[in-house]
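> Handing you a structure now.
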Amino acid sequence: MWEIVLKGGPLMWPILFCSVLSLALFFERLWFYYRFRRDDTTLAAEVEGLARDGRINDAEVVCRRVGSPLSRIYLAALRCAGQERARIKTVVEEIGSRELAPLERYLGLMGTIAALTPLLGLLGTVLGMIRAFNVIATAGVGTPATLGGGISEALITTASGLAVAIPTLLLHKYLSSRADRLALEVEVRSLHLVDLLEK
(Lines give C-alpha, C1' and ligand atoms only; values in the text may rest on other atoms or scores of the structure.)
Protein backbone atom coordinates (compact mmCIF):
# COMPACT_ATOMS: atom_id res chain seq x y z
CA MET A 1 0.00 0.00 0.00
CA TRP A 2 2.71 2.46 1.00
CA GLU A 3 4.72 1.57 -2.13
CA ILE A 4 1.69 2.42 -4.28
CA VAL A 5 1.41 5.83 -2.63
CA LEU A 6 5.09 6.50 -3.30
CA LYS A 7 4.84 5.32 -6.92
CA GLY A 8 1.84 7.54 -7.55
CA GLY A 9 3.89 10.70 -7.39
CA PRO A 10 3.40 13.95 -5.47
CA LEU A 11 -0.34 14.24 -6.21
CA MET A 12 -0.99 11.13 -4.13
CA TRP A 13 -0.53 13.20 -0.97
CA PRO A 14 -3.46 15.58 -1.55
CA ILE A 15 -5.58 12.62 -2.68
CA LEU A 16 -4.65 10.74 0.50
CA PHE A 17 -5.43 13.83 2.59
CA CYS A 18 -8.83 14.14 0.90
CA SER A 19 -9.64 10.50 1.69
CA VAL A 20 -8.81 10.94 5.40
CA LEU A 21 -10.73 14.24 5.57
CA SER A 22 -13.77 12.72 3.86
CA LEU A 23 -13.87 9.80 6.29
CA ALA A 24 -13.46 12.11 9.30
CA LEU A 25 -16.31 14.35 8.08
CA PHE A 26 -18.57 11.35 7.54
CA PHE A 27 -18.14 10.03 11.09
CA GLU A 28 -18.47 13.53 12.55
CA ARG A 29 -21.80 14.00 10.72
CA LEU A 30 -23.06 10.58 11.83
CA TRP A 31 -22.32 11.45 15.47
CA PHE A 32 -23.92 14.89 15.07
CA TYR A 33 -27.11 13.43 13.53
CA TYR A 34 -27.30 10.82 16.27
CA ARG A 35 -27.06 13.50 18.99
CA PHE A 36 -29.47 15.74 17.06
CA ARG A 37 -32.18 13.11 17.08
CA ARG A 38 -31.43 11.22 20.29
CA ASP A 39 -33.95 12.82 22.65
CA ASP A 40 -36.46 14.17 20.12
CA THR A 41 -39.07 11.39 20.33
CA THR A 42 -39.27 11.49 24.13
CA LEU A 43 -39.21 15.28 24.17
CA ALA A 44 -42.01 15.56 21.60
CA ALA A 45 -44.29 13.22 23.53
CA GLU A 46 -43.64 14.95 26.86
CA VAL A 47 -44.01 18.53 25.61
CA GLU A 48 -47.09 17.80 23.52
CA GLY A 49 -48.73 16.08 26.48
CA LEU A 50 -48.06 19.06 28.74
CA ALA A 51 -49.24 21.54 26.08
CA ARG A 52 -52.42 19.54 25.57
CA ASP A 53 -53.11 19.80 29.31
CA GLY A 54 -52.43 23.55 29.25
CA ARG A 55 -49.24 23.22 31.39
CA ILE A 56 -47.18 25.62 29.27
CA ASN A 57 -44.75 26.56 32.06
CA ASP A 58 -43.94 22.91 32.76
CA ALA A 59 -43.38 22.33 29.04
CA GLU A 60 -40.96 25.28 28.94
CA VAL A 61 -39.03 23.80 31.86
CA VAL A 62 -38.71 20.49 30.00
CA CYS A 63 -37.43 22.27 26.88
CA ARG A 64 -34.83 24.22 28.83
CA ARG A 65 -33.64 21.02 30.49
CA VAL A 66 -33.07 19.17 27.21
CA GLY A 67 -31.35 21.93 25.22
CA SER A 68 -31.62 20.29 21.78
CA PRO A 69 -32.48 22.09 18.50
CA LEU A 70 -36.06 20.75 18.68
CA SER A 71 -36.41 21.90 22.30
CA ARG A 72 -35.32 25.42 21.32
CA ILE A 73 -37.92 25.46 18.53
CA TYR A 74 -40.54 24.19 20.97
CA LEU A 75 -39.54 26.83 23.51
CA ALA A 76 -40.06 29.61 20.95
CA ALA A 77 -43.49 28.17 20.11
CA LEU A 78 -44.47 27.81 23.78
CA ARG A 79 -43.67 31.47 24.41
CA CYS A 80 -46.26 32.35 21.76
CA ALA A 81 -48.95 30.05 23.23
CA GLY A 82 -52.45 31.44 22.83
CA GLN A 83 -51.63 33.67 19.87
CA GLU A 84 -52.86 33.25 16.30
CA ARG A 85 -51.61 30.17 14.48
CA ALA A 86 -49.94 32.23 11.74
CA ARG A 87 -47.90 34.12 14.35
CA ILE A 88 -46.76 30.95 16.13
CA LYS A 89 -45.91 29.30 12.82
CA THR A 90 -43.85 32.30 11.70
CA VAL A 91 -41.82 32.24 14.92
CA VAL A 92 -41.30 28.47 14.62
CA GLU A 93 -40.13 28.80 11.01
CA GLU A 94 -37.67 31.59 11.88
CA ILE A 95 -36.14 29.68 14.80
CA GLY A 96 -36.28 26.42 12.85
CA SER A 97 -34.29 27.78 9.91
CA ARG A 98 -31.54 28.82 12.32
CA GLU A 99 -31.58 25.59 14.35
CA LEU A 100 -31.62 23.31 11.29
CA ALA A 101 -28.79 25.09 9.47
CA PRO A 102 -26.07 22.99 11.20
CA LEU A 103 -27.52 19.86 9.56
CA GLU A 104 -25.92 20.98 6.27
CA ARG A 105 -22.52 21.80 7.77
CA TYR A 106 -19.56 20.11 6.01
CA LEU A 107 -21.78 18.53 3.34
CA GLY A 108 -20.58 21.12 0.83
CA LEU A 109 -16.98 20.25 1.67
CA MET A 110 -17.66 16.56 1.09
CA GLY A 111 -19.21 17.40 -2.28
CA THR A 112 -16.11 19.42 -3.14
CA ILE A 113 -13.86 16.49 -2.23
CA ALA A 114 -15.94 14.17 -4.43
CA ALA A 115 -15.52 16.57 -7.35
CA LEU A 116 -11.88 17.46 -6.69
CA THR A 117 -10.23 14.07 -6.26
CA PRO A 118 -10.94 12.80 -9.83
CA LEU A 119 -9.45 16.06 -11.12
CA LEU A 120 -6.35 15.51 -8.99
CA GLY A 121 -6.17 11.99 -10.41
CA LEU A 122 -6.52 13.36 -13.94
CA LEU A 123 -3.77 15.89 -13.28
CA GLY A 124 -1.58 13.03 -12.05
CA THR A 125 -2.35 11.17 -15.27
CA VAL A 126 -1.28 14.14 -17.36
CA LEU A 127 1.92 14.64 -15.36
CA GLY A 128 2.74 10.93 -15.59
CA MET A 129 2.23 10.90 -19.35
CA ILE A 130 4.38 14.02 -19.71
CA ARG A 131 7.09 12.22 -17.79
CA ALA A 132 6.77 9.17 -20.05
CA PHE A 133 6.98 11.28 -23.21
CA ASN A 134 10.01 13.14 -21.82
CA VAL A 135 11.74 9.77 -21.49
CA ILE A 136 10.86 9.00 -25.11
CA ALA A 137 12.12 12.42 -26.24
CA THR A 138 15.48 12.06 -24.49
CA ALA A 139 16.21 8.32 -24.79
CA GLY A 140 14.08 7.22 -27.72
CA VAL A 141 11.41 4.56 -27.47
CA GLY A 142 13.63 2.57 -25.14
CA THR A 143 12.31 -0.33 -23.10
CA PRO A 144 9.12 -0.78 -21.10
CA ALA A 145 11.17 -0.33 -17.95
CA THR A 146 12.17 3.21 -18.94
CA LEU A 147 8.57 4.19 -19.65
CA GLY A 148 7.02 2.29 -16.76
CA GLY A 149 7.57 4.97 -14.12
CA GLY A 150 5.57 7.67 -15.87
CA ILE A 151 2.77 5.38 -17.02
CA SER A 152 2.56 3.75 -13.57
CA GLU A 153 2.30 7.19 -11.94
CA ALA A 154 -0.46 8.15 -14.37
CA LEU A 155 -2.55 5.04 -13.71
CA ILE A 156 -2.08 5.02 -9.93
CA THR A 157 -3.19 8.64 -9.45
CA THR A 158 -6.22 8.17 -11.70
CA ALA A 159 -7.30 5.04 -9.84
CA SER A 160 -6.67 6.66 -6.46
CA GLY A 161 -8.65 9.78 -7.34
CA LEU A 162 -11.63 7.69 -8.42
CA ALA A 163 -11.27 5.37 -5.41
CA VAL A 164 -11.68 8.38 -3.12
CA ALA A 165 -14.32 10.23 -5.15
CA ILE A 166 -16.82 7.40 -5.61
CA PRO A 167 -17.29 6.48 -1.92
CA THR A 168 -17.21 10.16 -0.93
CA LEU A 169 -20.01 10.91 -3.39
CA LEU A 170 -22.09 8.03 -2.02
CA LEU A 171 -21.49 9.11 1.59
CA HIS A 172 -22.38 12.70 0.67
CA LYS A 173 -25.69 11.59 -0.86
CA TYR A 174 -26.47 9.45 2.18
CA LEU A 175 -25.75 12.27 4.62
CA SER A 176 -27.75 14.76 2.55
CA SER A 177 -30.79 12.50 2.53
CA ARG A 178 -30.44 11.90 6.27
CA ALA A 179 -30.23 15.64 6.93
CA ASP A 180 -33.38 16.17 4.84
CA ARG A 181 -35.22 13.47 6.81
CA LEU A 182 -34.20 14.99 10.14
CA ALA A 183 -35.30 18.46 9.00
CA LEU A 184 -38.65 17.05 7.87
CA GLU A 185 -39.18 15.26 11.20
CA VAL A 186 -38.48 18.47 13.14
CA GLU A 187 -40.83 20.42 10.89
CA VAL A 188 -43.68 17.91 11.32
CA ARG A 189 -43.25 17.82 15.12
CA SER A 190 -43.05 21.60 15.34
CA LEU A 191 -46.22 22.10 13.31
CA HIS A 192 -48.03 19.56 15.47
CA LEU A 193 -47.15 21.61 18.54
CA VAL A 194 -48.27 24.78 16.73
CA ASP A 195 -51.69 23.19 16.23
CA LEU A 196 -51.91 22.52 19.97
CA LEU A 197 -50.92 26.06 20.93
CA GLU A 198 -53.02 28.13 18.54
CA LYS A 199 -55.57 30.52 19.99
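By convention in this document, the chains of the C-alpha coordinates carry letters A, B, ... by their order, each chain's residues are numbered from 1, and ligands are numbered from 1 in the order they are shown.
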When you look at Ala114 (chain A) with a cut-off of 7 Å (counting only C-alpha atoms), what residues show up, excluding the ones that are within fewer than 6 positions of it in the same chain? I need them as a PyMOL selection string.
chain A and resi 165-166+168-169
> Using only C-alpha atoms, which residues of region 90-129 of chain A come within 10 Å of region 23-35 of chain A, and what is the closest atom pair for each, with the distance in Å to one decimal? Give it as CSV, sorted by chain and residue number.

```
residue,atom,partner,partner_atom,distance
A:Pro102,CA,A:Phe32,CA,9.2
A:Leu103,CA,A:Tyr33,CA,7.6
A:Glu104,CA,A:Arg29,CA,9.3
A:Arg105,CA,A:Arg29,CA,8.4
A:Tyr106,CA,A:Leu25,CA,6.9
A:Leu107,CA,A:Leu25,CA,8.4
A:Leu109,CA,A:Leu25,CA,8.7
A:Met110,CA,A:Leu25,CA,7.5
```
> Interatomic distance between CA of Ala59 (chain A) and CA of Val47 (chain A)?
5.2 Å
> Do you have the CA of Gln83 (chain A)-CA of Ser190 (chain A) distance handy?
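Answer for the CA of Gln83 (chain A) to CA of Ser190 (chain A) separation: 15.5 Å.
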> With only C-alpha atoms as the basis for distance, which of A:Ala76, A:Arg131, A:Leu116, A:Thr41 is at the shortest distance from Glu94 (chain A)?
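Smallest distance to Glu94 (chain A) is found for A:Ala76.
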